[in-house]
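Here is protein_18.cif, consisting of mmCIF, C-alpha atoms:
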```
data_upload
loop_
_atom_site.label_atom_id
_atom_site.label_comp_id
_atom_site.auth_asym_id
_atom_site.auth_seq_id
_atom_site.Cartn_x
_atom_site.Cartn_y
_atom_site.Cartn_z
CA ALA E 1 17.83 154.03 33.78
CA THR E 2 17.99 154.99 37.39
CA LEU E 3 19.04 151.50 38.28
CA THR E 4 21.90 151.49 35.82
CA MET E 5 23.09 154.89 37.01
CA ALA E 6 23.03 153.74 40.55
CA ALA E 7 24.99 150.72 39.54
CA VAL E 8 27.56 152.85 37.75
CA ARG E 9 27.80 155.22 40.75
CA ALA E 10 28.32 152.23 43.01
CA GLN E 11 30.98 150.88 40.73
CA THR E 12 32.81 154.19 40.57
CA LYS E 13 32.54 154.50 44.35
CA PHE E 14 34.01 151.06 44.67
CA LEU E 15 36.69 151.77 42.19
CA SER E 16 37.64 155.01 43.88
CA THR E 17 38.00 153.27 47.21
CA ASN E 18 40.12 150.64 45.55
CA VAL E 19 42.39 153.25 44.14
CA LEU E 20 42.70 154.83 47.56
CA ILE E 21 43.59 151.55 49.20
CA LYS E 22 46.42 150.65 46.84
CA PRO E 23 48.91 153.34 47.80
CA PHE E 24 48.17 152.63 51.46
CA PHE E 25 49.40 149.06 51.11
CA SER E 26 52.42 149.80 48.95
CA ARG E 27 53.81 152.41 51.33
CA PHE E 28 53.61 150.42 54.54
CA CYS E 29 54.01 146.84 53.34
CA ALA E 30 57.49 145.42 53.96
CA SER E 31 57.56 143.26 50.84
CA GLY E 32 55.96 145.92 48.66
CA SER E 33 57.34 145.95 45.17
CA GLY E 34 55.59 149.17 44.18
CA GLN E 35 57.40 152.28 43.09
CA GLU E 36 57.16 153.92 46.49
CA ALA E 37 58.61 150.94 48.28
CA GLY E 38 61.44 150.75 45.77
CA GLU E 39 62.18 154.39 46.24
CA GLY E 40 62.12 153.96 49.98
CA ALA E 41 64.68 151.18 49.80
CA SER E 42 67.00 153.15 47.58
CA GLN E 43 66.70 156.07 49.97
CA VAL E 44 67.66 153.76 52.82
CA LYS E 45 70.68 152.54 50.89
CA LYS E 46 71.82 156.08 50.21
CA VAL E 47 71.62 156.93 53.88
CA ASN E 48 73.68 153.86 54.78
CA GLN E 49 76.37 154.70 52.27
CA GLU E 50 76.70 158.30 53.39
CA SER E 51 77.12 157.65 57.07
CA GLY E 52 76.45 154.87 59.46
CA GLN E 53 75.52 157.26 62.20
CA ASP E 54 71.95 157.56 61.08
CA GLY E 55 71.25 153.97 61.95
CA SER E 56 68.70 155.07 64.49
CA GLN E 57 66.63 156.53 61.72
CA ILE E 58 66.68 153.28 59.78
CA LYS E 59 64.26 150.93 61.42
CA LYS E 60 65.86 147.44 61.43
CA VAL E 61 63.32 144.64 61.61
CA GLU E 62 63.84 143.07 65.06
CA PRO E 63 63.66 139.26 65.09
CA GLY E 64 60.79 137.93 67.11
CA GLY E 65 61.02 135.75 70.23
CA PHE E 66 61.19 132.42 68.41
CA ALA E 67 63.74 133.70 65.88
CA LYS E 68 66.00 134.93 68.70
CA SER E 69 66.00 131.60 70.52
CA PHE E 70 66.50 129.70 67.25
CA ILE E 71 69.62 131.75 66.48
CA LYS E 72 70.90 131.33 70.04
CA TYR E 73 70.55 127.57 70.18
CA THR E 74 71.84 126.80 66.70
CA GLN E 75 74.84 129.11 66.67
CA SER E 76 75.92 128.60 70.27
CA SER E 77 76.46 124.85 69.80
CA SER E 78 79.48 125.56 67.59
CA SER E 79 80.97 128.33 69.73
CA LYS E 80 80.23 126.74 73.11
CA VAL E 81 82.65 123.87 72.54
CA SER E 82 85.61 126.19 72.07
CA GLU E 83 84.56 128.48 74.91
CA GLU E 84 83.73 125.92 77.58
CA ALA E 85 86.77 123.64 77.31
CA PRO E 86 89.87 125.84 77.53
CA LYS E 87 92.70 124.14 75.69
CA PRO E 88 95.37 123.28 78.23
CA SER E 89 98.90 124.16 77.17
CA ARG E 90 100.98 121.22 76.09
CA THR E 91 103.45 120.98 78.98
CA PHE E 92 103.56 117.68 80.84
CA SER E 93 102.54 119.36 84.11
CA SER E 94 99.38 120.80 82.60
CA LEU E 95 98.55 117.55 80.78
CA LEU E 96 98.84 115.66 84.07
CA ARG E 97 96.88 118.28 86.01
CA ASN E 98 93.95 118.03 83.57
CA SER E 99 94.15 114.24 83.17
CA LYS E 100 91.56 111.68 84.18
CA LEU E 101 93.92 110.09 86.71
CA ILE E 102 94.00 113.27 88.80
CA GLN E 103 90.26 113.83 88.38
CA LEU E 104 89.63 110.27 89.61
CA GLY E 105 91.18 110.80 93.03
CA ASP E 106 90.80 107.73 95.22
CA PRO E 107 89.91 104.88 92.84
CA GLU E 108 87.84 103.02 95.46
CA GLY E 109 84.19 103.08 94.45
CA LYS E 110 84.61 105.08 91.24
CA VAL E 111 82.58 104.02 88.20
CA VAL E 112 84.48 103.93 84.89
CA GLU E 113 83.97 102.65 81.36
CA GLY E 114 86.16 99.95 79.88
CA THR E 115 86.56 97.83 76.76
CA VAL E 116 86.91 94.06 76.69
CA PHE E 117 90.11 93.35 74.73
CA HIS E 118 90.59 89.65 75.44
CA VAL E 119 88.42 86.75 76.48
CA VAL E 120 89.60 83.44 77.93
CA GLU E 121 86.60 81.11 78.38
CA ASN E 122 84.62 82.91 81.10
CA ASP E 123 87.25 85.51 82.06
CA LEU E 124 87.00 88.99 80.56
CA TYR E 125 90.16 91.13 80.29
CA ILE E 126 88.98 94.75 80.45
CA ASP E 127 91.07 97.84 79.70
CA PHE E 128 89.76 101.09 81.23
CA GLY E 129 92.60 103.48 80.39
CA SER E 130 94.87 102.89 83.37
CA LYS E 131 98.32 101.30 83.57
CA PHE E 132 96.82 97.86 84.18
CA TYR E 133 93.76 96.03 82.94
CA CYS E 134 91.30 94.19 85.19
CA VAL E 135 89.98 90.66 84.90
CA CYS E 136 86.29 90.03 85.61
CA HIS E 137 84.14 86.94 85.42
CA ARG E 138 81.52 86.84 82.69
CA PRO E 139 78.08 87.53 84.25
CA GLN E 140 75.26 85.06 83.71
CA ARG E 141 72.80 87.68 82.51
CA ASN E 142 73.28 88.64 78.84
CA ALA E 143 76.41 86.45 78.75
CA GLN E 144 76.67 86.18 74.95
CA SER E 145 77.15 89.98 74.55
CA TYR E 146 80.41 90.05 76.51
CA VAL E 147 82.87 89.53 73.68
CA ARG E 148 86.00 91.32 72.48
CA GLY E 149 85.18 94.96 71.76
CA ALA E 150 82.22 95.22 74.16
CA ARG E 151 81.99 98.41 76.19
CA VAL E 152 81.31 97.76 79.89
CA ARG E 153 80.87 99.69 83.13
CA LEU E 154 83.11 98.94 86.11
CA ARG E 155 83.33 99.91 89.75
CA LEU E 156 87.01 100.33 90.62
CA HIS E 157 88.60 99.13 93.82
CA GLU E 158 92.34 99.35 93.09
CA LEU E 159 94.40 100.62 90.17
CA GLU E 160 97.14 98.09 90.95
CA LEU E 161 96.93 95.02 93.18
CA SER E 162 100.22 95.21 95.02
CA THR E 163 101.08 94.86 98.69
CA ARG E 164 104.04 94.19 101.01
CA PHE E 165 104.16 90.68 102.35
CA LEU E 166 105.83 89.78 105.62
CA GLY E 167 109.55 89.21 105.22
CA SER E 168 109.98 90.85 101.82
CA SER E 169 111.81 94.09 101.08
CA THR E 170 109.63 95.22 98.16
CA ASP E 171 105.94 95.00 97.27
CA MET E 172 104.62 91.96 95.45
CA THR E 173 102.46 93.06 92.50
CA LEU E 174 99.90 91.10 90.50
CA LEU E 175 100.20 93.46 87.48
CA GLU E 176 96.41 93.81 87.43
CA ALA E 177 93.75 96.26 88.58
CA ASP E 178 90.77 95.28 90.70
CA ALA E 179 87.24 96.16 89.61
CA THR E 180 83.69 94.82 89.75
CA LEU E 181 81.73 94.46 86.53
CA LEU E 182 78.50 96.44 86.75
CA GLY E 183 77.06 95.86 83.31
CA LEU E 184 77.18 96.28 79.58
CA ILE E 185 77.01 99.71 77.95
CA HIS E 186 76.84 98.53 74.39
CA PRO E 187 77.96 95.39 72.56
CA PRO E 188 80.80 95.59 70.04
CA LYS E 189 80.10 97.52 66.83
CA LYS E 190 79.57 95.17 63.92
CA THR E 191 81.82 95.67 60.88
CA GLU E 192 80.32 95.91 57.38
CA SER E 193 81.52 92.46 56.44
CA ALA E 194 79.77 91.02 59.48
CA LYS E 195 76.55 92.78 58.45
CA GLN E 196 76.76 91.28 54.98
CA MET U 197 115.65 118.09 85.45
CA GLY U 198 116.66 115.42 87.96
CA ARG U 199 120.05 115.09 89.61
CA GLY U 200 120.83 112.07 87.46
CA LEU U 201 120.74 114.00 84.18
CA TRP U 202 123.28 116.57 85.31
CA HIS U 203 125.57 113.80 86.57
CA ARG U 204 125.45 112.23 83.14
CA GLY U 205 126.42 115.55 81.61
CA ILE U 206 123.49 115.55 79.23
CA VAL U 207 122.50 118.95 77.99
CA SER U 208 119.92 118.70 75.31
CA SER U 209 117.45 121.32 74.25
CA SER U 210 113.88 120.55 73.28
CA ASN U 211 114.58 121.85 69.77
CA PRO U 212 117.86 120.35 68.60
CA VAL U 213 119.82 122.77 66.43
CA GLN U 214 121.99 121.44 63.67
CA SER U 215 125.57 122.63 63.69
CA ALA U 216 126.82 124.64 60.73
CA VAL U 217 128.35 121.68 58.92
CA GLU U 218 127.74 120.94 55.28
CA PRO U 219 125.17 118.23 54.72
CA LEU U 220 126.58 114.86 53.68
CA GLU U 221 126.52 114.12 49.97
CA LYS U 222 126.10 110.79 48.30
CA LEU U 223 129.40 108.95 47.83
CA GLN U 224 130.70 108.65 44.32
CA GLU U 225 133.06 105.75 44.97
CA SER U 226 132.21 103.33 47.73
CA SER U 227 135.69 102.72 49.08
CA SER U 228 135.97 101.73 52.71
CA ASP U 229 137.94 104.87 53.64
CA ALA U 230 135.29 107.14 52.16
CA ILE U 231 132.57 105.20 54.00
CA THR U 232 134.30 105.54 57.37
CA GLU U 233 134.81 109.22 56.64
CA GLN U 234 131.09 109.68 55.94
CA MET U 235 130.23 107.81 59.11
CA ALA U 236 132.51 110.03 61.17
CA LYS U 237 130.98 113.15 59.61
CA SER U 238 127.46 112.02 60.58
CA LEU U 239 128.51 112.13 64.24
CA LYS U 240 129.04 115.89 64.14
CA TYR U 241 125.29 116.52 64.11
CA PRO U 242 123.38 116.42 67.43
CA ASP U 243 120.31 114.89 65.73
CA PHE U 244 121.37 113.67 62.31
CA PHE U 245 118.26 111.54 61.71
CA LYS U 246 115.83 114.09 63.22
CA VAL U 247 114.45 111.56 65.71
CA ALA U 248 113.07 114.45 67.78
CA GLU U 249 110.31 114.75 65.17
CA LEU U 250 109.10 111.21 65.80
CA PHE U 251 107.17 111.97 68.98
CA THR U 252 105.96 114.69 71.37
CA VAL U 253 105.43 114.68 75.13
CA GLU U 254 101.69 114.58 74.46
CA ASP U 255 102.10 111.36 72.44
CA LEU U 256 103.92 109.81 75.40
CA PHE U 257 101.19 111.02 77.73
CA ASN U 258 98.38 109.58 75.60
CA ALA U 259 100.18 106.24 75.46
CA ARG U 260 100.24 106.15 79.32
CA VAL U 261 104.05 106.23 79.48
CA HIS U 262 103.95 108.38 82.62
CA LEU U 263 102.22 105.75 84.80
CA GLY U 264 104.40 103.88 87.25
CA HIS U 265 103.90 101.22 89.90
CA ARG U 266 103.24 101.86 93.58
CA GLU U 267 105.65 103.54 95.97
CA GLY U 268 106.28 100.24 97.76
CA SER U 269 107.94 98.64 94.73
CA LEU U 270 110.10 101.64 93.82
CA ASN U 271 113.74 100.94 92.99
CA ASP U 272 115.84 103.67 94.61
CA HIS U 273 117.82 104.29 91.43
CA MET U 274 114.60 105.26 89.64
CA SER U 275 113.60 108.00 92.07
CA GLN U 276 115.54 110.58 90.02
CA PHE U 277 113.14 110.06 87.09
CA ILE U 278 109.92 110.36 89.13
CA PHE U 279 107.76 113.49 88.92
CA GLY U 280 105.80 112.57 92.03
CA SER U 281 103.17 110.20 93.31
CA ARG U 282 99.39 110.43 93.21
CA LEU U 283 97.79 108.51 96.10
CA SER U 284 100.87 106.23 96.20
CA HIS U 285 100.86 105.64 92.41
CA LEU U 286 104.12 106.95 90.93
CA ILE U 287 104.25 109.29 87.92
CA PHE U 288 107.27 109.60 85.62
CA ASP U 289 108.63 112.99 84.63
CA LEU U 290 107.93 112.92 80.91
CA ASP U 291 110.28 115.83 80.22
CA GLN U 292 113.21 113.68 81.36
CA THR U 293 111.76 110.67 79.55
CA ALA U 294 111.49 112.65 76.32
CA THR U 295 115.14 113.77 76.52
CA LEU U 296 116.42 110.28 77.26
CA LEU U 297 114.19 108.72 74.61
CA ARG U 298 115.57 111.10 71.98
CA GLU U 299 119.10 110.09 72.96
CA ALA U 300 118.19 106.41 72.73
CA LEU U 301 116.47 106.78 69.34
CA ASN U 302 119.38 108.82 67.99
CA PHE U 303 121.82 106.10 69.09
CA THR U 304 119.63 103.36 67.59
CA ALA U 305 119.44 105.20 64.27
CA HIS U 306 123.23 105.63 64.17
CA ILE U 307 123.76 101.92 64.85
CA ALA U 308 121.36 101.08 62.01
CA PHE U 309 123.14 103.62 59.78
CA ARG U 310 126.42 101.79 60.36
CA GLY U 311 124.89 98.40 59.56
CA GLY U 312 124.78 97.07 63.10
CA ILE U 313 122.72 94.09 64.26
CA ILE U 314 119.94 95.09 66.64
CA LEU U 315 118.26 92.61 68.98
CA PHE U 316 114.86 93.29 70.58
CA VAL U 317 114.40 91.55 73.92
CA GLY U 318 111.27 91.35 76.05
CA ARG U 319 109.94 88.62 78.28
CA ILE U 320 106.30 89.52 78.92
CA PRO U 321 104.03 87.09 77.03
CA GLN U 322 101.32 89.65 76.19
CA HIS U 323 103.71 91.75 74.12
CA GLN U 324 105.80 88.95 72.62
CA VAL U 325 104.07 88.93 69.25
CA MET U 326 104.17 92.75 69.03
CA ILE U 327 107.93 92.80 69.64
CA GLU U 328 108.62 90.00 67.17
CA ASN U 329 106.55 91.73 64.49
CA THR U 330 108.38 95.02 65.10
CA ALA U 331 111.71 93.29 64.55
CA LYS U 332 110.42 91.64 61.38
CA GLU U 333 109.15 94.91 59.96
CA CYS U 334 112.46 96.73 60.38
CA GLY U 335 114.61 93.80 59.28
CA GLU U 336 116.22 93.19 62.67
CA TYR U 337 116.10 90.45 65.28
CA ALA U 338 114.08 89.60 68.38
CA HIS U 339 114.47 87.19 71.31
CA THR U 340 111.32 87.00 73.43
CA ARG U 341 111.57 83.42 74.68
CA TYR U 342 113.45 81.76 77.51
CA TRP U 343 117.01 83.10 77.59
CA GLN U 344 119.55 80.34 77.79
CA GLY U 345 122.45 81.30 80.05
CA GLY U 346 125.33 81.35 77.59
CA VAL U 347 123.73 82.98 74.53
CA LEU U 348 126.10 85.98 74.64
CA THR U 349 128.88 84.84 76.99
CA ASN U 350 129.27 81.26 75.69
CA SER U 351 128.04 81.68 72.12
CA THR U 352 130.90 79.88 70.35
CA ILE U 353 130.32 76.65 72.23
CA GLN U 354 126.52 76.96 72.45
CA PHE U 355 125.97 77.54 68.72
CA GLY U 356 128.99 75.56 67.53
CA SER U 357 130.71 78.24 65.44
CA VAL U 358 132.09 81.77 65.52
CA ILE U 359 129.14 84.07 66.15
CA ARG U 360 128.66 87.76 65.34
CA LEU U 361 126.98 89.14 68.46
CA PRO U 362 124.40 91.94 68.26
CA ASP U 363 125.74 95.50 68.19
CA LEU U 364 122.78 96.85 70.17
CA ILE U 365 120.20 95.21 72.41
CA ILE U 366 116.87 96.99 72.97
CA PHE U 367 114.96 95.86 76.06
CA LEU U 368 111.22 96.50 75.92
CA HIS U 369 111.04 94.82 79.34
CA THR U 370 114.11 94.71 81.58
CA MET U 371 112.53 92.30 84.04
CA ASN U 372 112.02 88.58 83.49
CA ASN U 373 108.91 88.52 85.62
CA VAL U 374 108.21 90.72 88.61
CA ILE U 375 111.26 89.90 90.71
CA TYR U 376 114.28 89.10 88.55
CA GLU U 377 116.14 91.21 86.03
CA HIS U 378 116.75 89.82 82.55
CA THR U 379 120.10 87.99 82.30
CA ALA U 380 120.92 89.70 79.02
CA ILE U 381 121.42 93.08 80.76
CA ARG U 382 124.37 91.77 82.76
CA ASP U 383 125.67 89.67 79.89
CA ALA U 384 125.55 92.54 77.39
CA ALA U 385 127.53 94.69 79.81
CA LYS U 386 130.07 91.86 80.09
CA MET U 387 130.39 91.55 76.30
CA LEU U 388 130.56 95.36 75.85
CA ILE U 389 127.32 95.47 73.88
CA PRO U 390 125.47 98.80 74.35
CA THR U 391 121.89 98.49 75.54
CA VAL U 392 118.75 100.62 75.34
CA GLY U 393 116.05 99.75 77.88
CA ILE U 394 112.58 100.84 78.96
CA VAL U 395 112.87 100.98 82.75
CA ASP U 396 109.79 101.05 84.95
CA THR U 397 109.72 102.14 88.61
CA ASN U 398 110.57 98.63 89.82
CA CYS U 399 113.55 98.19 87.45
CA ASN U 400 117.27 98.81 87.97
CA PRO U 401 118.66 101.17 85.31
CA ASN U 402 122.29 100.84 86.37
CA LEU U 403 123.78 98.52 83.76
CA ILE U 404 121.76 99.91 80.85
CA THR U 405 123.60 102.34 78.54
CA TYR U 406 120.56 104.35 77.45
CA PRO U 407 117.77 103.88 79.99
CA VAL U 408 114.38 105.29 79.05
CA PRO U 409 112.20 105.69 82.16
CA GLY U 410 108.58 104.85 81.35
CA ASN U 411 105.68 102.47 81.64
CA ASP U 412 106.39 98.96 80.33
CA ASP U 413 103.17 97.27 81.47
CA SER U 414 100.53 98.79 79.18
CA ALA U 415 100.08 97.55 75.62
CA ALA U 416 99.64 101.16 74.50
CA SER U 417 103.04 102.29 75.78
CA ILE U 418 104.91 99.22 74.49
CA SER U 419 103.23 99.65 71.11
CA LEU U 420 104.39 103.29 70.98
CA PHE U 421 107.97 102.38 71.93
CA CYS U 422 108.05 99.59 69.34
CA ASN U 423 106.88 101.98 66.63
CA LEU U 424 109.41 104.64 67.63
CA PHE U 425 112.35 102.23 67.59
CA LYS U 426 111.20 100.78 64.29
CA ALA U 427 110.96 104.28 62.78
CA ALA U 428 114.43 105.24 64.03
CA ILE U 429 115.97 102.04 62.61
CA LEU U 430 114.26 102.50 59.26
CA ARG U 431 115.51 106.10 59.07
CA GLY U 432 119.05 104.95 59.78
CA LYS U 433 118.83 102.27 57.10
CA GLU U 434 117.34 104.68 54.58
CA LYS U 435 120.22 107.11 55.08
CA ARG U 436 122.67 104.22 54.83
CA LYS U 437 121.33 103.30 51.40
CA GLU U 438 121.20 106.92 50.29
CA LEU U 439 124.53 108.25 51.54
CA LEU U 440 126.77 105.21 51.67
CA GLY U 441 125.30 103.27 48.76
CA VAL U 442 125.47 100.08 50.85
CA HIS U 443 122.58 97.83 51.89
#
```
Could you render the structure from this file as C-alpha cells?
Amino acid sequence: ATLTMAAVRAQTKFLSTNVLIKPFFSRFCASGSGQEAGEGASQVKKVNQESGQDGSQIKKVEPGGFAKSFIKYTQSSSSKVSEEAPKPSRTFSSLLRNSKLIQLGDPEGKVVEGTVFHVVENDLYIDFGSKFYCVCHRPQRNAQSYVRGARVRLRLHELELSTRFLGSSTDMTLLEADATLLGLIHPPKKTESAKQ
Amino acid sequence: MGRGLWHRGIVSSSNPVQSAVEPLEKLQESSSDAITEQMAKSLKYPDFFKVAELFTVEDLFNARVHLGHREGSLNDHMSQFIFGSRLSHLIFDLDQTATLLREALNFTAHIAFRGGIILFVGRIPQHQVMIENTAKECGEYAHTRYWQGGVLTNSTIQFGSVIRLPDLIIFLHTMNNVIYEHTAIRDAAKMLIPTVGIVDTNCNPNLITYPVPGNDDSAASISLFCNLFKAAILRGKEKRKELLGVH
C-alpha cells in the first residue's frame, strides 16, 4: 500500500509540474498556438491598427546575421544594375562621350574582342566593332576552331591603315584595321540543326 | 548645325509637324487630272510618309554611321558635316546626318509614290549582294558592276532603242575605289536625274542632290541605309496603291 501511494504521489507531483510547464511554453514560444499566444497576437494587431507610433512596444523579430546578408546579396543584384550604370541621355554628344571609341583612347596596344565573319583559305576577316575589319592569318595552334562566328581576342595597332605617300595630295588608305590575333575566346555556337 | 545647312536654307525640326491640310482621300475615278491633283496635294506636307519614324540618332550610332576616315584623307567640302576628330579619326555630326537623311528618305518616298524608277548604285564588292537584294525586295533596280561610260549619256545608241532613264539614283558608295568618284554622279547631273548619296569623309558631295554624310565602309551602316531606303520606297508604293489606285 505504501508503495502504491508513493507511486501515486510521484505521479501527481509529475503531473503538477507538467501542468506548470505548459503555460510557460505557450506564453513565450513564438510559434505557440495556445490561447494566450493567440490573444497576444490579436492584441498586437489592435495596437497596430490604432496607431503606428507604438511600434517600439511591438518587438519585431530582427533577422539574424545570415538572413541579413542573404537579403542583401539577392535583392541588390536586381537594383545594382539600374543604380550603377546611369542611363546616358540620347543626344549624339552623350552617346559619343560614353562610347567605346572614346574609352579606347589610343588604339595601339589595346586588347579587344572580335568575331570572325569571313574566311578565305588561311586568312581570317575579323570585325571588332570599328569602322574597318582586320585581316589576320590563321594560327597553327587550334587551327580548326577559327571558323566563321568564332570569337577571338585581338591586340590593336591601328584603327585604319592609311598614310600620306610622297607626292600625293591625300592619304592612301587600305580600308582595313591592323591587329594581332592573340587567341580564341570561344568557338562559334552550334545551332540546333548542327547538334542533331 | 553646320554652315552648309544654313546655306541650303534647310530648316527642319526634329519632330516634323503636319500642316493643317485635310488628309488625302482615295480617288473615286482614276483620271489623270485627279491623279496629278492628288500628287500635288501630297507635296503640301513636310513629311507625308512619316519617314522620320523610320530611324533615330541612336540607331545611326549603333550602326557606326558616325565613324569617318582619317584627317589626312578629308575632302574639304565634307568638313561642314564633321563633329570633330578623335586622335585623327573623324566623327560625323549625326544631328546633321539625321536631318539630311530624313530629307533624302522623304524625297525617295515621293519619287516612289509618283511611280518613278529608282536605281541603286554601289561599287564596293563586299556590299554588292546586299544592294542587289535590297533593290529586288522593293521592286526597283540596281547597278553594282562596272559602269560603262555611256549608260546614261549615250543610252539610245548603247542599248539600241529609246530608253526610259531612272528618275532617281541612290548611291550607297559614291567612290569607285579609293581614289575616283563614280562616273554616274557626273552623268546623272548632266541628264538632270536627281541623286541621293551616302558621302564619307573622303567623298565629294558637290554634284549630289541629297547628300547624306555618313560611314559607307562598314557592313552595319550600309545594311542600315539599305533597309531605310527600302522602307521609304515601300511606303511610297503603298500610298500610291492606296490613294491613287495605280500600281
Please identify all residues of chain U having at least one atom at most 8 Å from any atom of chain E, considering all atoms listed in the file, and return them as an mmCIF file with C-alpha atoms, keeping the file's coordinate frame.
```
data_model
loop_
_atom_site.group_PDB
_atom_site.id
_atom_site.type_symbol
_atom_site.label_atom_id
_atom_site.label_comp_id
_atom_site.auth_asym_id
_atom_site.auth_seq_id
_atom_site.Cartn_x
_atom_site.Cartn_y
_atom_site.Cartn_z
ATOM 1 C CA VAL U 253 105.430 114.680 75.130
ATOM 2 C CA GLU U 254 101.690 114.580 74.460
ATOM 3 C CA PHE U 257 101.190 111.020 77.730
ATOM 4 C CA ARG U 260 100.240 106.150 79.320
ATOM 5 C CA LEU U 263 102.220 105.750 84.800
ATOM 6 C CA GLY U 264 104.400 103.880 87.250
ATOM 7 C CA HIS U 265 103.900 101.220 89.900
ATOM 8 C CA ARG U 266 103.240 101.860 93.580
ATOM 9 C CA GLY U 268 106.280 100.240 97.760
ATOM 10 C CA SER U 269 107.940 98.640 94.730
ATOM 11 C CA LEU U 270 110.100 101.640 93.820
ATOM 12 C CA ARG U 282 99.390 110.430 93.210
ATOM 13 C CA LEU U 283 97.790 108.510 96.100
ATOM 14 C CA ASP U 289 108.630 112.990 84.630
ATOM 15 C CA LEU U 290 107.930 112.920 80.910
ATOM 16 C CA ASP U 291 110.280 115.830 80.220
ATOM 17 C CA VAL U 374 108.210 90.720 88.610
ATOM 18 C CA ASN U 411 105.680 102.470 81.640
ATOM 19 C CA ASP U 413 103.170 97.270 81.470
ATOM 20 C CA SER U 414 100.530 98.790 79.180
#
```
**Request:** Using the chain letters and numbers from the file, give me the residues hit by the PyMOL selection byres ((chain U and resi 247) around 7), as a PyMOL selection string.
**Result:** chain U and resi 243+245-246+248-250+298+301-302+428
**Reference answer for the PyMOL selection byres ((chain E and resi 136) around 7), as a list in words** = Asp123, Leu124, Tyr125, Cys134, Val135, His137, Arg138, Thr180 and Leu181 of chain E
Restricting the output to C-alpha atoms, write the selected residues as a PDB file, in the coordinates of the input.
```pdb
ATOM      1  CA  ASP E 123      87.250  85.510  82.060  1.00  0.00           C
ATOM      2  CA  LEU E 124      87.000  88.990  80.560  1.00  0.00           C
ATOM      3  CA  TYR E 125      90.160  91.130  80.290  1.00  0.00           C
ATOM      4  CA  CYS E 134      91.300  94.190  85.190  1.00  0.00           C
ATOM      5  CA  VAL E 135      89.980  90.660  84.900  1.00  0.00           C
ATOM      6  CA  HIS E 137      84.140  86.940  85.420  1.00  0.00           C
ATOM      7  CA  ARG E 138      81.520  86.840  82.690  1.00  0.00           C
ATOM      8  CA  THR E 180      83.690  94.820  89.750  1.00  0.00           C
ATOM      9  CA  LEU E 181      81.730  94.460  86.530  1.00  0.00           C
TER      10      LEU E 181
END
```
**Request:** Taking the file above as input, evaluate the PyMOL selection byres ((chain U and resi 422) around 8) and report the hits as a list in words.
**Result:**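 On this input, the PyMOL selection byres ((chain U and resi 422) around 8) captures Met326, Ile327, Thr330, Leu368, Ile418, Ser419, Leu420, Phe421, Asn423, Leu424, Phe425 and Lys426 of chain U.
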Got time to write the residues from that selection, C-alpha atoms, as an mmCIF file, keeping the file's coordinate frame?
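The resulting file, out11.cif, is shown below:
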```
data_model
loop_
_atom_site.group_PDB
_atom_site.id
_atom_site.type_symbol
_atom_site.label_atom_id
_atom_site.label_comp_id
_atom_site.auth_asym_id
_atom_site.auth_seq_id
_atom_site.Cartn_x
_atom_site.Cartn_y
_atom_site.Cartn_z
ATOM 1 C CA MET U 326 104.170 92.750 69.030
ATOM 2 C CA ILE U 327 107.930 92.800 69.640
ATOM 3 C CA THR U 330 108.380 95.020 65.100
ATOM 4 C CA LEU U 368 111.220 96.500 75.920
ATOM 5 C CA ILE U 418 104.910 99.220 74.490
ATOM 6 C CA SER U 419 103.230 99.650 71.110
ATOM 7 C CA LEU U 420 104.390 103.290 70.980
ATOM 8 C CA PHE U 421 107.970 102.380 71.930
ATOM 9 C CA ASN U 423 106.880 101.980 66.630
ATOM 10 C CA LEU U 424 109.410 104.640 67.630
ATOM 11 C CA PHE U 425 112.350 102.230 67.590
ATOM 12 C CA LYS U 426 111.200 100.780 64.290
#
```
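Between atom CA of Leu297 of chain U and atom CA of Gly393 of chain U lies a distance of 9.7 Å.
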**Complete:** As a check of understanding: the span from atom CA of Asp412 of chain U to atom CA of Glu434 of chain U is 28.6 Å
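Near Lys110 of chain E, within 8 Å and counting only C-alpha atoms, sit E:Leu104, E:Asp106, E:Arg155, E:Leu156, E:His157; same-chain residues fewer than 4 positions away were not included.
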**One-decimal distance in Å that lies between atom CA of Gln140 of chain E and atom CA of Glu121 of chain E** = 13.1 Å
